[in-house]
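Note sheet for the following structure.
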Amino acid sequence: MGSVQIVTTILAAAITAVAVWLAVRAVMKIVAVVRLGQPAPERFADRGTRTKTMLAETAGHTRMLRWSVVGAAHWFVMVGFIVLSLLVLEAYFEVVSPTGGLPLIGGLAVYGLVTELIAVLGTVGILVLIAIRVRNRPSRPGGRSRFTGSTMWQGYFVEAVVLAVLIMGFVIRGFKVATDHFEYPLWATPVSHAVGALLPDWSAGVSIAALIKIAISMTWLIVIALNVTMGVAWHRFLAFFNIFFKRDPGRAGSGLGALRPMMSQGKPLDFEEADPEKDQFGVAQVEQFTWKGLLDFSTCTECGRCQSQCPAWNTGKPLSPKLLVLSLRDHAYAKAPYLLAGGGKDLTGEEKATAAQLAHVDVLALAEAEKPLIGGAEDGGIIDPDVLWSCTTCGACVEQCPVDIEHVDHIVDMRRYQVLIESSFPSEAGVMLRNLENKGNPWGAPQNTREDWTKGLGFEVPRVGEVDDFEYLFWVGCAGAFEDRAKKTTRAVATLLNEAGVSFAILGEGETCTGDPARRIGNEFVFQMLAQQNVETLNEAFDGREKSKRKIVATCPHCFNTLGNEYGQLGGEFEVVHHTQLLAHLVSAGKLTPVQPVDGGVTYHDPCYLGRHNRVFAAPREVLGDSVQGEIVEMPRNSERSFCCGAGGARMWMEEKIGKRINVDRVEEAMSTGARTIAVGCPFCSTMLNDGVNGKGAGEQVEVVDVASVLLRSLKPADAAGEKETATSGS
Ligand code: SF4
Ligand code: SF4
């Protein structure tokens with residue numbers, strides 16, 4: 001070993017020792033913070049599926065690849081990072097000796113080829129990512145960026161380190177080529193040979209370049225160790241765990257569909273026994289999230305994909321799912337020293353720690369602990385109430401997040417505490433909740449008018465009890481029974497089912513609200529009350545039938561989602577289809593035959609709770625495709641990336657006082673397609689988009705209409721003579 005190698009070896013060992021020591025401390029800190037969360041025992045079930053999903057998502061970048069160029073570039077950078085780790089390891093042999101290399105695989109042509117290839121593609125990938133970050137920087141003139149609110153220096157730093165380490169890899173190899181110590185053939189390592197042709201014959205160059213490479217890598221480790229909230233770097237390690245522990249590993253759209261039940265001590269809360277002094281009602285302190293919630297916050301990469309799709313953020317509301325996650329993360333880590341010292345409030349609000357326990361806690365952590373989780377800026381709140389109540393629970397953030405963060409569950413958990421314990425929510429929603437409790441529907445309509453929509457139909461609509469051998473129970477829903485526009489859809493669906501010879505029955509006055517708006521606003525008590533009543537009624541209606549024969553068809557995606565995905569949590573197992581799915585089946589089976597094309601073109605608005613939350617994208621398009629007998633003109637934001645109408649998450653019952661109205665934004669997008677018909681598959685979307693069209697004074701040019709009505713209008717005249725007019729026009 002020469003004198004140069006002695007110095008490079010000592011320096012490499014010293015910086016590595018410091019970096020590893022700091023990194024171990026940082027990992028212990030992250031683990032300690034995550035462990036502050038509440039138990040979530042369900043996250044350890046089904047480890048086989050979890051492992052498969054985690055491997056598929058990381059190795060295949062299945063979520064990232066939806067953003068094709070970014071996804072591909074990130075894939076090469078990720079693979080490059082893994083291979084780079086091998087090359088960094090190799091550098092430790094090179095600081096000791098200019099001819100050093102990895103034992104066993106070092107020197108194999110195939111190793112030389114693979115590392116060369118990955119290094120080249122990784123370099124291209126990181127340059128693409130840097131270009132994208134620069135092009136989308138928040139400070140660029142005009143427009144909001146998905147990086148607005150992200151810590152930009154951290155992103156640039158991480159990317160610069162990756163680029164520098166890749167370049168140093170070629171420099172080390174180049175010096176080996178120049179000094180004739182390189183064992184790989186030209187065909188396997190052309191770039192290294194080309195670099196070598198430019199470098200002098202200087203054997204110390206190998207060890208010095210290797211030291212620089214190690215120093216850059218260890219500086220990166222030191223910086224991220226000193227910044228445990230640097231998600232852009234830590235996600236490289238945490239994302240594997242966050243994906244592994246996601247809520248529904250076997251389901252496309254994990255974290256969507258059903259809400260996570262309200263839990264206390266890792267068990268679902270039953271309101272018949274719940275006690276607010278012993279049980280946790282939602283989340284009022286950051287440590288009341290589960291450990292998976294805290295892992296979510298730690299894993300956020302600050303990429304802003306969620307933000308770029310959020311309807312609230314895109315219409316000028318203060319909510320950004322990314323900024324919400326970052327606020328919770330920063331608060332959790334700032335409060336952690338106090339919590340780790342034994343601090344925290346019990347469920348009655350009393351301090352758990354003794355004065356002695358808190359004596360040495362940093363004053364900043366003590367001050368952080370005093371901040372309310374939900375509160376305005378004047379109170380030092382972490383999440384502003386306007387942020388919390390702006391969410392439509394549309395799920396676009398969950399859908400887009402490459403590391404499977406479950407924003408909607410966290411938002412609703414915080415709403416639960418506000419509603420159930422603080423009674424603090426937008427006052428206008430109080431009427432809806434009172435109506436649900438007293439009348440069983442959000443409008444407060446008399447229960448004995450639930451069947452009024454059947455009047456004037458040219459056939460009898462059977463009730464459960466009057467007939468027992470029905471195939472489908474037609475769940476009408478509150479909107480479908482009481483709201484004038486939705487009643488037209490109900491009549492159209494009933495007419496189509498009757499026309500196609502489907503045997504169905506309704507519950508009539510036995511039906512009550514599924515509880516979706518109560519649950520999404522955070523009132524789990526009212527949700528459970530309504531849901532238990534409905535589960536009992538439905539179990540009675542289907543008495544003696546196996547699950548595959550307990551079929552329900554619903555026109556409202558919110559009912560569809562609650563009946564199919566959430567009632568199982570309360571003992572109600574049913575086979576639920578949306579009316580567009582059943583109609584698509586009836587058309588393809590030849591039981592309904594559309595013949596008259598719809599004039600003027602059709603565009604389709606995907607309801608969030610049908611599309612994103614339940615992956616029903618094709619069926620409504622199939623029905624429309626047959627009905628219009630031509631192309632559906634898609635909006636720029638469609639299918640998984642569809643834009644909310646603004647009504648979900650009980651927003652239908654709250655005033656939209658901040659920013660541009662979401663429904664107006666969506667209507668403008670729909671009208672930009674030039675289609676004269678905006679087809680919908682949800683009564684709430686119908687109301688919101690109709691209001692948007694009327695607000696723009698465009699009622700004469702554009703019509704908002706349910707897929708069922710489009711189909712009914714286009715049926716063979718002989719199929720639907722008579723009923724057609726009454727079903728689509730009357731109420
Ligand atoms: S659910 Fe929708 S509205 Fe709520 S934060 Fe996510 S993207 Fe925004
Ligand atoms: S998409 Fe996920 S990782 Fe990216 S900023 Fe949003 S929450 Fe963070």
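Labels used: A, B, ... for chains in the order of the structure tokens, numbers from 1 for residues in each chain, and numbers from 1 for ligands as shown.
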For this session: Considering only C-alpha atoms, return as an MDAnalysis selection string whatever protein or nucleic-acid residues lie within 7 Å of Leu36 of chain A, sequence-local ones (same chain, fewer than 2 positions apart) excluded.
Result: chainID A and resid 32:34 38 287 291
Export of prior selection with C-alpha atoms as a PDB file, in the first residue's frame:
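again_6.pdb written:
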ATOM      1  CA  ALA A  32     -39.021   5.077  17.905  1.00  0.00           C
ATOM      2  CA  VAL A  33     -41.291   7.741  16.394  1.00  0.00           C
ATOM      3  CA  VAL A  34     -43.249   5.224  14.309  1.00  0.00           C
ATOM      4  CA  GLN A  38     -51.491   3.126  18.050  1.00  0.00           C
ATOM      5  CA  GLU A 287     -49.700   9.957  18.382  1.00  0.00           C
ATOM      6  CA  TRP A 291     -47.958   3.391  13.734  1.00  0.00           C
TER       7      TRP A 291
END
Counting only C-alpha atoms and all ligand atoms, what residues are within 7 Å of ligand 2, given as a PDB file with C-alpha atoms, in the first residue's frame?
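New file selection10.pdb:
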ATOM      1  CA  THR A 299     -42.313   7.910   3.918  1.00  0.00           C
ATOM      2  CA  CYS A 300     -43.712  10.837   1.915  1.00  0.00           C
ATOM      3  CA  THR A 301     -41.255  11.683  -0.863  1.00  0.00           C
ATOM      4  CA  GLU A 302     -42.717  15.175  -1.333  1.00  0.00           C
ATOM      5  CA  CYS A 303     -43.233  14.335  -5.008  1.00  0.00           C
ATOM      6  CA  GLY A 304     -46.546  16.220  -5.107  1.00  0.00           C
ATOM      7  CA  ARG A 305     -48.393  13.772  -7.356  1.00  0.00           C
ATOM      8  CA  CYS A 306     -51.270  13.790  -4.869  1.00  0.00           C
ATOM      9  CA  GLN A 307     -51.332  17.572  -4.831  1.00  0.00           C
ATOM     10  CA  PRO A 321     -52.760  16.237   0.610  1.00  0.00           C
ATOM     11  CA  LYS A 322     -48.988  16.548   0.389  1.00  0.00           C
ATOM     12  CA  VAL A 325     -48.943  14.847   5.290  1.00  0.00           C
ATOM     13  CA  CYS A 397     -54.302  11.460  -3.646  1.00  0.00           C
ATOM     14  CA  GLN A 400     -51.584   8.715  -7.202  1.00  0.00           C
ATOM     15  CA  CYS A 401     -49.290   8.175  -4.255  1.00  0.00           C
ATOM     16  CA  PRO A 402     -46.335   6.013  -5.339  1.00  0.00           C
ATOM     17  CA  VAL A 403     -45.671   4.857  -1.773  1.00  0.00           C
ATOM     18  CA  ASP A 404     -49.266   4.000  -0.812  1.00  0.00           C
ATOM     19  CA  ILE A 405     -49.984   6.686   1.744  1.00  0.00           C
TER      20      ILE A 405
END
Exercise. Hey, which residues come within 8 Å of ligand 1 if we count only C-alpha atoms and all ligand atoms? Could you give them as a ChimeraX atom specification?
Worked result: /A:306-307,309-313,319-321,390-398,407-408,411,644
Problem set entry | Within 8 Å of Gly477 of chain A using only C-alpha atoms, minus same-chain residues under 3 positions, as an NGL selection string | :A and (480-481 or 511-514 or 554-556 or 559)
For this session: Tell me which protein, DNA and RNA residues are within 6 Å of segment 450-458 of chain A, counting only C-alpha atoms, leaving out same-chain ones fewer than 2 positions away, and put them as a PyMOL selection string.
Result: chain A and resi 447-448+481+508-509+731
Could you pull out the residues in segment 118-249 of chain A that DSSP calls alpha helix (DSSP H) from the backbone, as a CSV table (one decimal) with N, CA and C atoms, in the first residue's frame?
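The resulting out_35.csv:
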chain,number,residue,atom,x,y,z
A,118,ILE,N,-26.4,-0.2,-16.2
A,118,ILE,CA,-27.3,0.4,-15.2
A,118,ILE,C,-26.7,1.8,-14.9
A,119,ALA,N,-25.4,2.0,-14.9
A,119,ALA,CA,-24.9,3.3,-14.6
A,119,ALA,C,-25.2,4.3,-15.7
A,120,VAL,N,-25.2,3.8,-16.9
A,120,VAL,CA,-25.5,4.7,-18.1
A,120,VAL,C,-27.0,5.1,-18.0
A,121,LEU,N,-27.8,4.1,-17.8
A,121,LEU,CA,-29.3,4.4,-17.8
A,121,LEU,C,-29.6,5.1,-16.5
A,122,GLY,N,-29.0,4.8,-15.4
A,122,GLY,CA,-29.2,5.6,-14.2
A,122,GLY,C,-28.8,7.1,-14.4
A,123,THR,N,-27.8,7.3,-15.1
A,123,THR,CA,-27.3,8.7,-15.4
A,123,THR,C,-28.4,9.4,-16.2
A,124,VAL,N,-28.8,8.7,-17.3
A,124,VAL,CA,-29.9,9.3,-18.1
A,124,VAL,C,-31.1,9.6,-17.2
A,125,GLY,N,-31.5,8.6,-16.4
A,125,GLY,CA,-32.7,8.7,-15.6
A,125,GLY,C,-32.6,9.9,-14.6
A,126,ILE,N,-31.5,10.0,-14.0
A,126,ILE,CA,-31.4,11.1,-13.0
A,126,ILE,C,-31.4,12.5,-13.7
A,127,LEU,N,-30.8,12.5,-14.9
A,127,LEU,CA,-30.8,13.8,-15.6
A,127,LEU,C,-32.2,14.2,-16.0
A,128,VAL,N,-33.0,13.1,-16.4
A,128,VAL,CA,-34.4,13.4,-16.7
A,128,VAL,C,-35.2,13.9,-15.4
A,129,LEU,N,-34.9,13.2,-14.3
A,129,LEU,CA,-35.6,13.6,-13.1
A,129,LEU,C,-35.2,15.1,-12.7
A,130,ILE,N,-33.9,15.4,-12.8
A,130,ILE,CA,-33.5,16.8,-12.5
A,130,ILE,C,-34.2,17.8,-13.4
A,131,ALA,N,-34.2,17.4,-14.7
A,131,ALA,CA,-34.9,18.3,-15.7
A,131,ALA,C,-36.4,18.5,-15.3
A,132,ILE,N,-37.0,17.4,-14.9
A,132,ILE,CA,-38.5,17.5,-14.6
A,132,ILE,C,-38.6,18.4,-13.3
A,133,ARG,N,-37.7,18.2,-12.3
A,133,ARG,CA,-37.8,19.0,-11.1
A,133,ARG,C,-37.6,20.5,-11.4
A,134,VAL,N,-36.6,20.8,-12.3
A,134,VAL,CA,-36.3,22.2,-12.6
A,134,VAL,C,-37.5,22.8,-13.4
A,135,ARG,N,-38.0,22.0,-14.4
A,135,ARG,CA,-39.1,22.5,-15.2
A,135,ARG,C,-40.3,22.8,-14.4
A,152,MET,N,-37.3,22.0,-1.7
A,152,MET,CA,-36.6,21.8,-3.0
A,152,MET,C,-35.1,21.4,-2.8
A,153,TRP,N,-34.4,22.0,-1.8
A,153,TRP,CA,-33.0,21.7,-1.8
A,153,TRP,C,-32.7,20.3,-1.5
A,154,GLN,N,-33.6,19.6,-0.8
A,154,GLN,CA,-33.4,18.2,-0.5
A,154,GLN,C,-33.5,17.4,-1.8
A,155,GLY,N,-34.5,17.7,-2.6
A,155,GLY,CA,-34.6,17.0,-3.9
A,155,GLY,C,-33.4,17.2,-4.8
A,156,TYR,N,-33.0,18.4,-4.9
A,156,TYR,CA,-31.8,18.7,-5.7
A,156,TYR,C,-30.6,18.0,-5.1
A,157,PHE,N,-30.4,18.1,-3.8
A,157,PHE,CA,-29.2,17.5,-3.2
A,157,PHE,C,-29.2,16.0,-3.5
A,158,VAL,N,-30.3,15.3,-3.3
A,158,VAL,CA,-30.3,13.8,-3.5
A,158,VAL,C,-30.0,13.5,-4.9
A,159,GLU,N,-30.6,14.3,-5.8
A,159,GLU,CA,-30.3,14.0,-7.3
A,159,GLU,C,-28.9,14.3,-7.7
A,160,ALA,N,-28.4,15.4,-7.1
A,160,ALA,CA,-27.0,15.8,-7.4
A,160,ALA,C,-26.0,14.7,-6.9
A,161,VAL,N,-26.3,14.1,-5.7
A,161,VAL,CA,-25.4,13.1,-5.1
A,161,VAL,C,-25.5,11.8,-6.1
A,162,VAL,N,-26.7,11.5,-6.5
A,162,VAL,CA,-26.8,10.3,-7.3
A,162,VAL,C,-26.0,10.5,-8.6
A,163,LEU,N,-26.1,11.7,-9.2
A,163,LEU,CA,-25.4,12.0,-10.4
A,163,LEU,C,-23.9,12.0,-10.2
A,164,ALA,N,-23.5,12.6,-9.1
A,164,ALA,CA,-22.0,12.7,-8.8
A,164,ALA,C,-21.4,11.3,-8.6
A,165,VAL,N,-22.2,10.4,-7.9
A,165,VAL,CA,-21.6,9.1,-7.6
A,165,VAL,C,-21.6,8.3,-8.9
A,166,LEU,N,-22.5,8.5,-9.7
A,166,LEU,CA,-22.5,7.7,-11.0
A,166,LEU,C,-21.3,8.2,-11.9
A,167,ILE,N,-21.1,9.5,-11.9
A,167,ILE,CA,-20.0,10.1,-12.7
A,167,ILE,C,-18.6,9.5,-12.1
A,168,MET,N,-18.5,9.6,-10.7
A,168,MET,CA,-17.3,9.1,-10.1
A,168,MET,C,-17.0,7.6,-10.4
A,169,GLY,N,-18.1,6.9,-10.6
A,169,GLY,CA,-17.9,5.4,-11.0
A,169,GLY,C,-17.2,5.3,-12.3
A,170,PHE,N,-17.6,6.2,-13.3
A,170,PHE,CA,-16.9,6.2,-14.6
A,170,PHE,C,-15.5,6.7,-14.5
A,171,VAL,N,-15.3,7.7,-13.6
A,171,VAL,CA,-13.9,8.2,-13.4
A,171,VAL,C,-13.0,7.2,-12.8
A,172,ILE,N,-13.4,6.4,-11.8
A,172,ILE,CA,-12.6,5.4,-11.2
A,172,ILE,C,-12.2,4.3,-12.3
A,173,ARG,N,-13.3,3.9,-13.0
A,173,ARG,CA,-13.0,2.9,-14.1
A,173,ARG,C,-12.1,3.5,-15.2
A,174,GLY,N,-12.3,4.8,-15.4
A,174,GLY,CA,-11.5,5.4,-16.4
A,174,GLY,C,-10.0,5.4,-16.0
A,175,PHE,N,-9.7,5.7,-14.8
A,175,PHE,CA,-8.3,5.7,-14.3
A,175,PHE,C,-7.8,4.3,-14.4
A,176,LYS,N,-8.6,3.3,-14.1
A,176,LYS,CA,-8.1,1.9,-14.2
A,176,LYS,C,-7.8,1.6,-15.7
A,177,VAL,N,-8.6,2.1,-16.6
A,177,VAL,CA,-8.3,1.9,-18.0
A,177,VAL,C,-7.0,2.5,-18.4
A,178,ALA,N,-6.9,3.8,-17.9
A,178,ALA,CA,-5.7,4.6,-18.3
A,178,ALA,C,-4.4,4.0,-17.7
A,190,PRO,N,-17.9,0.2,-22.7
A,190,PRO,CA,-17.4,1.2,-23.7
A,190,PRO,C,-17.3,2.6,-23.1
A,191,VAL,N,-18.2,2.9,-22.2
A,191,VAL,CA,-18.2,4.3,-21.7
A,191,VAL,C,-16.9,4.4,-20.8
A,192,SER,N,-16.7,3.4,-19.9
A,192,SER,CA,-15.5,3.5,-19.1
A,192,SER,C,-14.2,3.6,-19.9
A,193,HIS,N,-14.2,2.8,-21.0
A,193,HIS,CA,-13.0,2.9,-21.9
A,193,HIS,C,-12.9,4.3,-22.5
A,194,ALA,N,-14.0,4.9,-22.9
A,194,ALA,CA,-14.0,6.2,-23.5
A,194,ALA,C,-13.5,7.2,-22.5
A,195,VAL,N,-13.9,7.1,-21.2
A,195,VAL,CA,-13.5,8.1,-20.2
A,195,VAL,C,-12.0,7.9,-20.0
A,196,GLY,N,-11.6,6.6,-19.9
A,196,GLY,CA,-10.2,6.3,-19.7
A,196,GLY,C,-9.2,6.9,-20.8
A,197,ALA,N,-9.8,7.0,-22.0
A,197,ALA,CA,-8.9,7.5,-23.1
A,197,ALA,C,-8.6,9.0,-22.8
A,198,LEU,N,-9.5,9.7,-22.0
A,198,LEU,CA,-9.3,11.1,-21.7
A,198,LEU,C,-8.4,11.3,-20.5
A,204,ALA,N,-2.5,6.7,-8.7
A,204,ALA,CA,-3.1,7.3,-7.5
A,204,ALA,C,-4.5,7.8,-7.7
A,205,GLY,N,-4.8,8.1,-9.0
A,205,GLY,CA,-6.1,8.6,-9.4
A,205,GLY,C,-7.2,7.7,-9.0
A,206,VAL,N,-7.0,6.4,-9.1
A,206,VAL,CA,-8.0,5.4,-8.8
A,206,VAL,C,-8.5,5.5,-7.4
A,207,SER,N,-7.5,5.6,-6.5
A,207,SER,CA,-7.8,5.6,-5.0
A,207,SER,C,-8.4,6.9,-4.6
A,208,ILE,N,-7.8,8.0,-5.2
A,208,ILE,CA,-8.4,9.3,-4.9
A,208,ILE,C,-9.8,9.5,-5.4
A,209,ALA,N,-10.1,9.0,-6.6
A,209,ALA,CA,-11.5,9.1,-7.1
A,209,ALA,C,-12.4,8.2,-6.3
A,210,ALA,N,-11.9,7.1,-5.8
A,210,ALA,CA,-12.7,6.2,-5.0
A,210,ALA,C,-13.0,6.9,-3.7
A,211,LEU,N,-12.0,7.6,-3.1
A,211,LEU,CA,-12.2,8.3,-1.9
A,211,LEU,C,-13.3,9.4,-2.1
A,212,ILE,N,-13.2,10.1,-3.2
A,212,ILE,CA,-14.2,11.2,-3.5
A,212,ILE,C,-15.6,10.5,-3.5
A,213,LYS,N,-15.7,9.4,-4.2
A,213,LYS,CA,-17.0,8.7,-4.3
A,213,LYS,C,-17.5,8.3,-3.0
A,214,ILE,N,-16.7,7.8,-2.1
A,214,ILE,CA,-17.1,7.4,-0.8
A,214,ILE,C,-17.5,8.6,0.0
A,215,ALA,N,-16.7,9.7,-0.1
A,215,ALA,CA,-17.0,10.9,0.6
A,215,ALA,C,-18.3,11.5,0.2
A,216,ILE,N,-18.6,11.4,-1.1
A,216,ILE,CA,-20.0,12.0,-1.5
A,216,ILE,C,-21.1,11.1,-1.0
A,217,SER,N,-20.9,9.8,-1.1
A,217,SER,CA,-21.9,8.8,-0.6
A,217,SER,C,-22.1,9.0,0.9
A,218,MET,N,-21.0,9.1,1.7
A,218,MET,CA,-21.2,9.2,3.1
A,218,MET,C,-21.7,10.6,3.5
A,219,THR,N,-21.4,11.6,2.8
A,219,THR,CA,-22.0,13.0,3.0
A,219,THR,C,-23.5,12.9,2.9
A,220,TRP,N,-23.9,12.1,1.9
A,220,TRP,CA,-25.3,11.9,1.7
A,220,TRP,C,-25.9,11.3,2.9
A,221,LEU,N,-25.2,10.2,3.4
A,221,LEU,CA,-25.8,9.5,4.5
A,221,LEU,C,-25.8,10.4,5.8
A,222,ILE,N,-24.8,11.2,5.9
A,222,ILE,CA,-24.7,12.1,7.1
A,222,ILE,C,-25.9,13.1,7.0
A,223,VAL,N,-26.0,13.7,5.8
A,223,VAL,CA,-27.1,14.7,5.7
A,223,VAL,C,-28.5,14.1,6.0
A,224,ILE,N,-28.7,12.9,5.4
A,224,ILE,CA,-30.1,12.4,5.7
A,224,ILE,C,-30.2,11.9,7.1
A,225,ALA,N,-29.1,11.5,7.7
A,225,ALA,CA,-29.2,11.0,9.1
A,225,ALA,C,-29.5,12.2,10.0
A,226,LEU,N,-29.0,13.4,9.6
A,226,LEU,CA,-29.3,14.6,10.4
A,226,LEU,C,-30.6,15.2,10.1
A,231,GLY,N,-37.9,12.9,3.6
A,231,GLY,CA,-38.6,11.8,2.9
A,231,GLY,C,-38.1,11.5,1.5
A,232,VAL,N,-37.6,12.5,0.8
A,232,VAL,CA,-37.1,12.3,-0.5
A,232,VAL,C,-35.9,11.3,-0.5
A,233,ALA,N,-35.2,11.3,0.6
A,233,ALA,CA,-34.1,10.3,0.7
A,233,ALA,C,-34.6,9.0,1.5
A,234,TRP,N,-35.2,9.2,2.6
A,234,TRP,CA,-35.6,8.1,3.4
A,234,TRP,C,-36.6,7.1,2.8
A,235,HIS,N,-37.4,7.6,1.8
A,235,HIS,CA,-38.4,6.7,1.2
A,235,HIS,C,-37.7,5.6,0.5
A,236,ARG,N,-36.4,5.7,0.2
A,236,ARG,CA,-35.7,4.6,-0.5
A,236,ARG,C,-35.6,3.4,0.4
A,237,PHE,N,-35.7,3.6,1.7
A,237,PHE,CA,-35.7,2.5,2.7
A,237,PHE,C,-37.1,2.2,3.2
A,238,LEU,N,-37.9,3.3,3.5
A,238,LEU,CA,-39.2,3.2,4.1
A,238,LEU,C,-40.3,2.7,3.2
A,239,ALA,N,-40.1,3.0,1.9
A,239,ALA,CA,-41.2,2.7,1.0
A,239,ALA,C,-41.5,1.2,1.0
A,240,PHE,N,-40.5,0.4,1.1
A,240,PHE,CA,-40.7,-1.1,1.1
A,240,PHE,C,-41.7,-1.5,2.2
A,241,PHE,N,-41.4,-0.9,3.4
A,241,PHE,CA,-42.3,-1.2,4.5
A,241,PHE,C,-43.7,-0.6,4.4
A,242,ASN,N,-43.7,0.6,3.9
A,242,ASN,CA,-45.0,1.3,3.8
A,242,ASN,C,-45.9,0.5,2.8
A,243,ILE,N,-45.3,0.1,1.7
A,243,ILE,CA,-46.1,-0.7,0.7
A,243,ILE,C,-46.5,-2.0,1.3
A,244,PHE,N,-45.6,-2.7,2.0
A,244,PHE,CA,-45.8,-4.0,2.6
A,244,PHE,C,-47.0,-3.9,3.6
Exercise. Between A:Ser298, A:Thr58, A:Asn314, A:Asn523, which has the minimum distance to Gly646 of chain A (counting only C-alpha atoms)?
Worked result: A:Asn314
For this session: Could you check how far atom CA of Glu273 of chain A sits from atom CA of Glu406 of chain A, in Å to one decimal?
Result: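 Computing it gives 27.9 Å between the two atoms.
Nearest-residue note for Val680 of chain A: choosing from A:Tyr111, A:Trp653, A:Phe617, A:Phe574, the minimum distance belongs to A:Phe617, counting only C-alpha atoms.
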Exercise. Residues at most 12 Å from Ala109 of chain A, counting only C-alpha atoms, excluding those fewer than 3 positions away in the same chain, as a list in words?
Worked result: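 Here the answer would be Ile105, Gly106, Gly112, Leu113, Val114, Thr115, Glu116, Phe182, Glu183, Tyr184, Pro185, Leu186, Trp187, Ala188 and Thr189 of chain A.
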Requested write-out: C-alpha atoms of the selected residues, as a PDB file, in the first residue's frame:
ATOM      1  CA  ILE A 105     -17.946 -11.070  -8.942  1.00  0.00           C
ATOM      2  CA  GLY A 106     -15.357  -8.329  -9.580  1.00  0.00           C
ATOM      3  CA  GLY A 112     -18.799  -5.171 -15.821  1.00  0.00           C
ATOM      4  CA  LEU A 113     -21.510  -5.097 -18.475  1.00  0.00           C
ATOM      5  CA  VAL A 114     -24.498  -4.943 -16.085  1.00  0.00           C
ATOM      6  CA  THR A 115     -22.992  -2.235 -13.890  1.00  0.00           C
ATOM      7  CA  GLU A 116     -21.961  -0.210 -16.946  1.00  0.00           C
ATOM      8  CA  PHE A 182      -9.016  -2.569 -15.966  1.00  0.00           C
ATOM      9  CA  GLU A 183     -10.131  -6.153 -16.409  1.00  0.00           C
ATOM     10  CA  TYR A 184     -13.372  -5.676 -18.361  1.00  0.00           C
ATOM     11  CA  PRO A 185     -13.462  -5.874 -22.191  1.00  0.00           C
ATOM     12  CA  LEU A 186     -14.284  -2.907 -24.365  1.00  0.00           C
ATOM     13  CA  TRP A 187     -17.579  -4.423 -25.578  1.00  0.00           C
ATOM     14  CA  ALA A 188     -18.845  -4.689 -21.980  1.00  0.00           C
ATOM     15  CA  THR A 189     -17.694  -1.262 -20.741  1.00  0.00           C
TER      16      THR A 189
END
